[in-house]
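**Q** Before anything else, here's the structure in question.
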Amino acid sequence: MKNIVVVLLLLFFPTLIFSQSISGKVVDEKGAALIGANIVNTTLSTSSVTDIDGAFKLKANPGDDLKVSMIGFATKIVKASSTMNIVLTEESNTLTEVVVIGYGTRKKIDNTTSITSLNADDVTKTKVLNASQAIQGKAAGVQVVSSDSPGSTPTVVIRGLGTALGGRSPLFVVDGMPTENINNINANDITSYEILKDASSLAIYGNRAANGVIIITTKKGKGNKLNVEYESFMGFRSPLSVVKMAGSNKYSYYTNAALSSTTFSQDQPINTDWFKEITRTGNYSQNNISISGASESVKYFFSLGYYDEKAVLKGLDYSRLTFRNNNEYTISKKLKINQNFSLGYTHSTPKPFSAFTNAYKQSPIVPVYFPSGQYGVSFVGDNGFASPTGSSFNNVGNPVAQLNFFDEQQKSILMQGGLKLDYEIVKGLKFTSQFNGEYYSWKNYNFEDTKAIWLAADPTRVEANYPATSNQNLLTKGKVDYFNWNLSNYFTYNKVFNNIHDVELMAGIEASTIGSRDNTAFSLKNVNSNSNYWSLSGVDYASNVTSLTNSLSNERRLNSYFGRFQYKLMNKYLLTGTIRRDGSSQFAKDYRWGTFPSFGIGWIISKEDFMANVKGINLLKLRGGWGKLGNQNVPLNRQSFTSGLNTYLGGSILYTGTTVNSQVDPSLSWEVTQETSAGLDFELLNRKLKGTFDVYNKNTNNLILDTRPYITSGVSNSSPAHVGEVSNKGYEIALRWDDKITDKLSYFIGGNFSTNKNRLESLKNGTLAPLQGGGLGNGQYTKLLDNSSIGQPLGSFYLYEYAGVDSATGAMLYYKADGTTATQGSLVEADRKYVGSILPNSTYGISLGVNYQNFDLSVDTYGTIGSKVYNGKKAQRFSGENIEDGVATNFWTLNNTSSTNPGAFNQVPVASTYYLESGDFLRVNNITLGYKIPVKNSVITAARIYFNAINPFIVKKFSGFTPELNGDGNPYGSQGVELDAYPSLKSFVFGVNLKF
Amino acid sequence: MKKILISVTVLSVYFFSGCSNDFLDVNQTENISTADLALLNNDEGAKSFVTSVYNKFLDWNMTSFSWNGMSSIASDDADKGSSPGDTGTDKDLMDALTYNASSLSVGEVFEANYDGINRCNQALYYIPQLDQADANLKARLIGEAKFLRAFMYFTLVKCYGGVPIVDHIPNPSSEEDRVMQLTRKSKAEVYAFIEQDLNDAIAALPNKAAYPSSEKGRASQGAAYALLAKVSLYQQKWQQVIDNCNLVSGYSLSPNYATMFQLAGENDNESIFEIQGVGSTPAKGVQGYSVSQGARGAGGWGWGFNTPTLSLVNAYEPGDVRKDATIIFAGTTLYDGRVVPTTVENPRYNYKCYSSAYTDAWETDTNIKYLRYAEVLLMKAEALNELGQTSAAIPLLNQVRNRAGLGGTTALSQSDVRVAIWKERRVELAFEHDRFFDLVRTGQAQAALAADGKTFVVGKHEVFPLPQKFINQANGLSNQNPGY
């Protein structure tokens with residue numbers, strides 16, 4: 001214990017002992033100065049780092065041993081002398097690079113599986129909140145669908161979607177802690193972001209691996225000197241593209257035509273641009289400071305970050321504070337303890353995204369405010385203008401009022417921490433024990449000024465008429481918290497026999513608990529209008545409570561055994577085998593345990609003798625594997641009573657009601673995915689060209705669908721059941737060319753392309769009902785999954801096929817199943833067709849970078865091909881609501897019968913391909929231009945300023961705000977449907993990075 | 001140092017050994033597991049299974065917007081209302097009789113009633129297992145569940161014709177139960193099933209008077225007789241109508257027609273079965289019922305759907321107090337002093353759904369009267385008349401007329417009295433979810449709807465289409481109604 005205290009003290013007071021000063025310079029083989037090389041005097045325990053000229057100064061006596069090291073170069077030990085010129089030789093990355101695999105690490109060259117490793121630079125270059133958004137387009141086979149709304153969580157799909165309604169998110173493992181979300185992690189704290197893609201790498205995570213695993217490692221202290229790093233950026237954001245709506249007069253013209261009336265004047269005094277009224281130029285900033293360093297026994301890292309955003313939607317603010325402390329204590333030669341702790345605090349004032357839909361739909365003739373100061377409403381007067389006393393012409397509220405009245409605040413804290421112990425029992429045999437826990441707490445309030453909303457909805461209303469029995473206002477407060485923990489213990493044994501048999505064995509056990517979510521919410525009516533007096537002490541609020549709910553979700557536990565065998569023969573033949581056995585509390589007793597094996601093989605061809613004389617090939621490795629993975633993330637499969645179905649029966653007694661509203665298949669168990677994959681890694685032409693090629697075939701043959709029983713069962717809750725089979729087949733290619741033209745000029749160009757074919761192979765014609773999704777809130781649905789979907793990809797749209805405008809009547813025509821055309825009244829369900837999926841066939845990214853002297857420039861682009869998106873906000877349009885400018889300018893009339901836009905109409909249109917558009921896009925995700933300011937003899941050791949343009953350009957076909965529509969992340973929900981969606985943003989950022 | 005090692009070793013050994021199956025046995029916290037039925041093994045538990053069925057009648061999809069679309073807007077009593085452009089999703093189609101199998105209303109009412117039937121079936125499955133609950137109470141509750149199930153099957157058969165009879169909780173892996181859920185039974189079979197349930201209910205239920213005042217909303221024996229009479233009426237089993245009407249005892253006409261549809265008239269002496277809404281916190285009322293039909297536009301408080309037609313206005317004879325009790329006219333003052341200005345969108349609104357205290361609330365204190373003694377009188381009158389006992393029928397008809405401030409009927413012949421009774425039903429029961437089905441039952445639909453400017457296709461519009469969702473699920477086991 002004493003040791004630990006001493007160690008902690010050392011951590012805060014790095015030892016600095018002064019002696020004679022020696023200076024020198026560190027250069028590479030070509031004589032170029034190396035900046036940031038570490039020089040450690042192992043005799044005196046002093047250290048230094050080289051500056052911009054490669055120069056260093058440190059306390060040493062001539063003859064002391066100096067250890068000179070730098071990443072990418074072979075470490076060298078030299079004797080100190082008065083003037084020194086130290087030459088470091090470059091080391092091939094390939095030989096030293098290490099990848100993190102589950103419960104261990106492996107040299108990249110010895111790895112037989114498909115893992116994409118991204119470094120700190122990749123996750124921080126694009127200035128966004130969540131690291132997953134920053135890696136979009138940088139990893140082959142990984143599709144990231146993100147939203148620019150602050151605090152949103154991107155959807156990450158690795159090698160295609162293998163489940164329809166089960167959990168779809170990959171498992172994140174942050175410093176050994178399995179977690180579901182990384183919104184709390186400051187991207188600046190990340191040192192590596194590794195994506196495990198194939199079954200042979202994933203199977204070690206068994207039941208939670210089917211959607212892929214992302215392993216995130218955060219920074220540790222390094223170097224022998226105290227390093228302080230400060231980064232600050234500030235940026236402006238605005239919508240990347242906007243939709244041009246009809247102005248007042250065009251609106252009036254169209255709406256009159258639709259109503260066959262002259263209700264609206266075509267000389268309107270008001271022309272409100274609602275989108276403009278609800279948006280502003282967003283701005284955001286982030287400040288980070290980190291302090292790190294290392295001594296013989298301690299490596300320490302502290303960081304503090306603050307992110308603040310004023311979003312483009314008025315009133316939507318978001319801020320996040322992060323703190324991290326990672327320490328590694330070398331207690332003895334055999335024992336090492338790693339401790340990490342992080343805290344993420346967020347604060348936000350959300351605003352409803354339906355305001356975007358309302359702004360799209362509300363008529364431009366309505367003013368934001370009437371001259372009386374009251375909110376404008378959609379009433380039209382006798383003069384054909386919007387008027388406070390006219391008759392109502394649509395059901396859309398005033399979007400500005402909507403935002404102003406929406407008063408909500410959310411706060412959350414996520415704390416994660418863990419301890420990891422590594423103990424070397426004998427040489428080659430190591431025991432590792434790791435415990436991690438996370439605690440989350442979330443609070444919100446929502447204040448509804450009920451009376452003011454009632455008054456604003458109709459300017460003729462007066463306070464005196466407000467019903468006495470109605471609430472003056474309503475305050476809702478909520479709280480959620482949970483605690484999750486994870487404990488793993490494993491042994492690792494490593495030995496080389498006879499110089500050619502390199503064996504590593506690992507075996508262990510793990511227990512995890514995903515704790516109950518304790519969820520409390522209550523609503524109080526008639527609270528004090530001053531928010532600081534909402535929670536007065538000494539007041540009994542019981543009579544003001546309109547609702548009070550508290551629920552504790554079911555705890556989920558996992559218990560696992562796992563093992564891995566890795567074998568390398570003669571440094572070129574590789575074999576890996578893993579097995580995991582998992583038990584999950586999610587399933588009935590007899591169906592609780594599952595076994596998930598995998599194997600992988602590899603052959604480093606370039607190490608063969610016959611390759612020795614082949615010039616130009618530096619590395620050639622062939623690998624392949626097979627594995628079985630599980631997805632346990634399905635609803636709890638136990639039958640429950642549904643309570644709360646209460647009613648009065650003629651008096652004032654509220655009787656409680658109970659029923660059963662679910663059907664259960666007791667044999668439900670794992671969803672199992674099997675994958676076979678192969679890959680080729682190569683490095684050619686003096687390692688200037690590096691690349692990877694992968695193919696895979698994934699099959700989930702007992703797909704769990706969250707299915708709904710037959711209507712006539714009267715059971716409306718869905719039940720999970722094994723009913724289908726889904727396959728994902730694809731290939732991925734990644735290439736990168738690096739070259740150095742002169743010492744001052746280097747560049748790279750890289751790209752990746754991946755394609756995935758998703759297909760619903762079969763569905764049991766069982767007792768379960770089809771699933772309709774992508775609802776538009778007006779009775780129309782857009783997506784279907786049932787027996788007719790076999791052969792289609794998941795997330796397929798199922799729509800009526802639009803056949804154009806009837807030039808005689810202006811009506812929209814659709815194809816019937818028999819090929820004839822008809823208007824919507826005579827369509828039947830069987831006329832619908834599958835017309836494409838929200839899932840893209842291919843995604844690609846191209847990156848390039850140039851370094852010239854102190855300047856660096858990089859460009860990242862990202863694109864998708866083959867997805868469809870549904871223009872939900874346009875399809876939801878109802879009578880009296882606004883239309884797009886293009887429609888209002890040119891629509892069918894008796895004088896314009898050749899228009900491709902149908903005649904003005906009021907009815908709810910059926911869900912058809914008229915509103916289905918291509919989701920293809922190519923976007924420049926990021927352009928960064930940086931400049932390293934030369935600093936000399938200052939406390940600042942390095943300084944860089946940069947300019948960052950995020951999403952400055954997009955090429956797209958979609959006519960809406962953005963084709964990147966994550967929605968609720970559910971392929972059968974609002975994903976791929978633009979309705980109440982946040983627009984994509986372009987951001988321009990200026991930042992500075994200083995090192996001390 | 002050694003201490004650390006020892007403790008780590010001890011901990012690790014603990015966790016290696018401690019990871020047994022017990023670790024994976026987690027108690028449910030979110031919902032009560034059906035394995036813990038013991039918690040409901042008492043009187044309150046038994047009641048709660050039936051309470052959930054009554055609760056179903058408050059649901060939006062069961063008794064509110066879609067139900068108005070089918071029972072009222074489709075008829076000649078009501079128009080869609082609201083703004084011309086606001087279709088209420090499909091209420092324009094319901095009004096014009098151009099709905100199809102995918103129309104929302106048609107799907108919601110079907111789904112909602114089967115949802116309620118499931119709650120009945122759950123009650124009928126679990127209540128007999130509750131051996132700690134009072135045996136008499138259990139018998140009564142089973143009677144209530146059967147009455148309610150019969151009520152919902154009656155709704156289904158009126159709307160859709162023959163439907164699948166789901167008389168027990170289906171086992172999801174049983175082929176037999178799959179067929180049961182997806183195969184339509186004939187109309188006659190459904191009626192036979194309803195009658196069986198009602199006869200069981202009659203045997204088990206007490207009179208309304210036996211219930212305490214806080215439970216007058218429960219199904220009573222009188223309600224079961226009255227419903228059986230109505231079910232018989234739809235099958236033209238005239239004698240059975242009379243027999244059952246005769247057994248409905250202990251009820252009388254309320255002296256004031258208008259108050260019946262106000263708070264004061266809830267569960268009055270005329271009421272046989274009504275749906276209970278309470279607006280005070282915690283509010284439990286028919287969801288959106290008052291607001292969706294409330295006056296729309298400047299000075300209004302609702303969405304303005306389901307508005308009385310001119311044809312209905314004209315159906316009232318001069319002096320009929322029921323006209324102003326049924327219809328809110330723009331520019332008038334309501335009984336509670338509220339002024340409805342002329343600036344509201346529509347000229348007329350439904351008065352029977354109006355809640356004085358909770359006006360535009362989602363759930364208000366408005367009750368819905370499904371069976372009233374006045375209807376029992378009219379049913380009996382109709383049956384007597386059909387059996388040639390016209391002179392016995394006329395006084396019953398006149399009782400209803402007199403209460404409305406009208407003199408006795410002038411009709412004398414059997415056919416005139418028949419028409420008079422049908423017309424009386426219209427004005428007496430307007431907006432009580434009866435008109436569309438009554439038009440179909442009596443064969444007046446085509447003519448009446450033509451007079452209202454709608455095309456009723458004989459052989460098609462007698463029933464609504466089965467929801468497409470169901471037809472898809474049936475996958476050939478059931479056919480759509482003709483014409484859809």
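Ligands are numbered from 1 in the order shown, chains are lettered A, B, ... in the order of the structure tokens, and residues start at 1 in each chain.
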Find the spatial neighbours of B:Gln236, counting only C-alpha atoms, within a cut-off of 10 Å - ignore same-chain residues fewer than 6 positions away - and output them as a list in words.

**A** Lys230, Ala383, Glu386, Arg441 and Thr442 of chain B

**Q** Given the selection you just returned, output its residues as a file containing C-alpha atoms, formatted as a PDB file, in the first residue's frame.

**A**
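Once everything was written out, this is selection_29.pdb:
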```
ATOM      1  CA  LYS B 230     -80.450  -6.260 -29.890  1.00  0.00           C
ATOM      2  CA  ALA B 383     -90.523  -6.736 -32.844  1.00  0.00           C
ATOM      3  CA  GLU B 386     -93.131  -7.214 -37.111  1.00  0.00           C
ATOM      4  CA  ARG B 441     -80.102  -3.885 -40.853  1.00  0.00           C
ATOM      5  CA  THR B 442     -83.363  -2.330 -41.979  1.00  0.00           C
TER       6      THR B 442
END
```

**Q** Which chain A residues have any atom within 6 Å of an atom of chain B, and for each, what is the nearest pair of atoms with distance in Å to one decimal, counting only C-alpha atoms, rows sorted by chain and number, as a tab-separated table?

**A**
```
residue	atom	partner	partner_atom	distance
A:Ser391	CA	B:Gly297	CA	5.7
A:Ser392	CA	B:Gly297	CA	5.4
A:Leu552	CA	B:Glu30	CA	5.4
A:Ser553	CA	B:Glu30	CA	4.7
A:Asn554	CA	B:Thr29	CA	5.2
A:Arg557	CA	B:Leu24	CA	5.9
A:Ser585	CA	B:Leu24	CA	4.6
A:Gln639	CA	B:Thr34	CA	5.8
A:Ser640	CA	B:Ser33	CA	4.2
A:Phe641	CA	B:Ile32	CA	5.4
A:Leu645	CA	B:Ser52	CA	5.0
A:Asn646	CA	B:Asn55	CA	5.8
A:Thr647	CA	B:Asn55	CA	5.2
A:Leu649	CA	B:Gly217	CA	4.6
A:Gly650	CA	B:Ser214	CA	4.9
A:Gly651	CA	B:Ser214	CA	3.8
A:Thr656	CA	B:Ser48	CA	5.4
A:Gly657	CA	B:Ser52	CA	4.1
A:Thr658	CA	B:Phe49	CA	5.0
A:Thr659	CA	B:Phe49	CA	5.7
A:Ile711	CA	B:Glu111	CA	5.9
A:Thr712	CA	B:Tyr114	CA	5.4
A:Gly714	CA	B:Asp115	CA	3.7
A:Asn778	CA	B:Thr89	CA	5.9
A:Gly779	CA	B:Leu104	CA	5.9
A:Ser879	CA	B:Gly85	CA	4.6
A:Asn906	CA	B:Gly85	CA	5.9
```

**Q** Put those residues in a file: C-alpha atoms, as a PDB file, in the first residue's frame.

**A**
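New file out-v4.pdb:
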```pdb
ATOM      1  CA  SER A 391     -60.956  30.083 -40.600  1.00  0.00           C
ATOM      2  CA  SER A 392     -58.305  27.485 -40.029  1.00  0.00           C
ATOM      3  CA  LEU A 552     -36.687  -0.882 -12.904  1.00  0.00           C
ATOM      4  CA  SER A 553     -35.711  -2.719 -16.061  1.00  0.00           C
ATOM      5  CA  ASN A 554     -34.693  -6.327 -15.905  1.00  0.00           C
ATOM      6  CA  ARG A 557     -26.223 -11.046 -16.807  1.00  0.00           C
ATOM      7  CA  SER A 585     -29.855 -14.616 -18.270  1.00  0.00           C
ATOM      8  CA  GLN A 639     -44.141 -13.560 -20.241  1.00  0.00           C
ATOM      9  CA  SER A 640     -45.406 -10.763 -18.061  1.00  0.00           C
ATOM     10  CA  PHE A 641     -48.641  -9.286 -16.893  1.00  0.00           C
ATOM     11  CA  LEU A 645     -54.994  -0.776 -17.776  1.00  0.00           C
ATOM     12  CA  ASN A 646     -57.077   1.040 -15.228  1.00  0.00           C
ATOM     13  CA  THR A 647     -60.509   2.548 -15.370  1.00  0.00           C
ATOM     14  CA  LEU A 649     -66.502   2.077 -13.206  1.00  0.00           C
ATOM     15  CA  GLY A 650     -69.031   4.750 -12.415  1.00  0.00           C
ATOM     16  CA  GLY A 651     -67.598   6.402  -9.338  1.00  0.00           C
ATOM     17  CA  THR A 656     -56.560  -1.438 -11.614  1.00  0.00           C
ATOM     18  CA  GLY A 657     -56.543  -3.513 -14.762  1.00  0.00           C
ATOM     19  CA  THR A 658     -54.258  -6.350 -15.741  1.00  0.00           C
ATOM     20  CA  THR A 659     -53.935  -8.547 -18.770  1.00  0.00           C
ATOM     21  CA  ILE A 711     -54.197  -9.227 -35.360  1.00  0.00           C
ATOM     22  CA  THR A 712     -56.954 -11.549 -34.268  1.00  0.00           C
ATOM     23  CA  GLY A 714     -55.526  -9.397 -29.849  1.00  0.00           C
ATOM     24  CA  ASN A 778     -50.726   9.469 -41.601  1.00  0.00           C
ATOM     25  CA  GLY A 779     -51.717   5.846 -41.976  1.00  0.00           C
ATOM     26  CA  SER A 879     -54.229  20.177 -47.494  1.00  0.00           C
ATOM     27  CA  ASN A 906     -55.281  17.770 -50.925  1.00  0.00           C
TER      28      ASN A 906
END
```

**Q** Residues at most 7 Å from stretch 449-456 of chain A, counting only C-alpha atoms, excluding those fewer than 6 positions away in the same chain, as a ChimeraX atom specification?

**A** /A:374-375,405,462,471-474

**Q** B:Gln293, B:Thr342, B:Thr155, B:Asn207: which is nearest B:Ser249, counting only C-alpha atoms?

**A**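 Of B:Gln293, B:Thr342, B:Thr155, B:Asn207, the one nearest B:Ser249 is B:Asn207, counting only C-alpha atoms.
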
**Q** Check stretch 855-929 of chain A with DSSP on the backbone and list each residue it calls helix (DSSP H, G or I), as a list in words.

**A**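 Answer for stretch 855-929 of chain A, restricted to helix (DSSP H, G or I): Gly872, Lys873, Lys874, Ala875, Asp885, Gly886, Val887, Ala888, Thr889, Thr913, Tyr914 and Tyr915 of chain A.
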
**Q** Can you tell me, as a PyMOL selection string, what residues are no more than 8 Å from B:Gln414 when counting only C-alpha atoms, ignoring any on the same chain fewer than 4 positions away?

**A** chain B and resi 385-386+388+390+418

**Q** For the residues in that selection, give me N, CA and C atoms as a CSV table (one decimal), in the first residue's frame.

**A**
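After the write, again17.csv holds the following:
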```
chain,number,residue,atom,x,y,z
B,385,ASN,N,-94.4,-5.1,-33.7
B,385,ASN,CA,-95.0,-4.7,-35.0
B,385,ASN,C,-94.7,-5.7,-36.1
B,386,GLU,N,-93.5,-6.2,-36.1
B,386,GLU,CA,-93.1,-7.2,-37.1
B,386,GLU,C,-94.0,-8.5,-36.9
B,388,GLY,N,-97.0,-8.5,-36.1
B,388,GLY,CA,-98.4,-8.1,-36.4
B,388,GLY,C,-99.1,-7.5,-35.2
B,390,THR,N,-99.2,-4.6,-34.0
B,390,THR,CA,-99.0,-3.2,-34.2
B,390,THR,C,-99.6,-2.3,-33.1
B,418,ARG,N,-93.7,0.7,-38.8
B,418,ARG,CA,-92.3,0.2,-39.0
B,418,ARG,C,-91.4,1.4,-39.3
```

**Q** Need the shell around A:Ile190: protein/DNA/RNA residues with any atom at most 9 Å away, counting only C-alpha atoms. Skip same-chain ones fewer than 5 positions apart. Format as a list in words?

**A**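 Everything that qualifies: Asn119, Ala120, Val123, Thr124, Ala131, Ile185, Ile216, Thr217, Thr218 and Lys219 of chain A.
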
**Q** Which residues come within 10 Å of B:Leu387, counting only C-alpha atoms, excluding same-chain residues fewer than 5 positions away, as a ChimeraX atom specification?

**A** /B:238-239,381-382,393,414

**Q** Quick check, in Å to one decimal: how far apart do atom CA of A:Asp920 and atom CA of A:Gly866 lie?

**A**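 If I compute the distance from atom CA of A:Asp920 to atom CA of A:Gly866, I get 6.2 Å.
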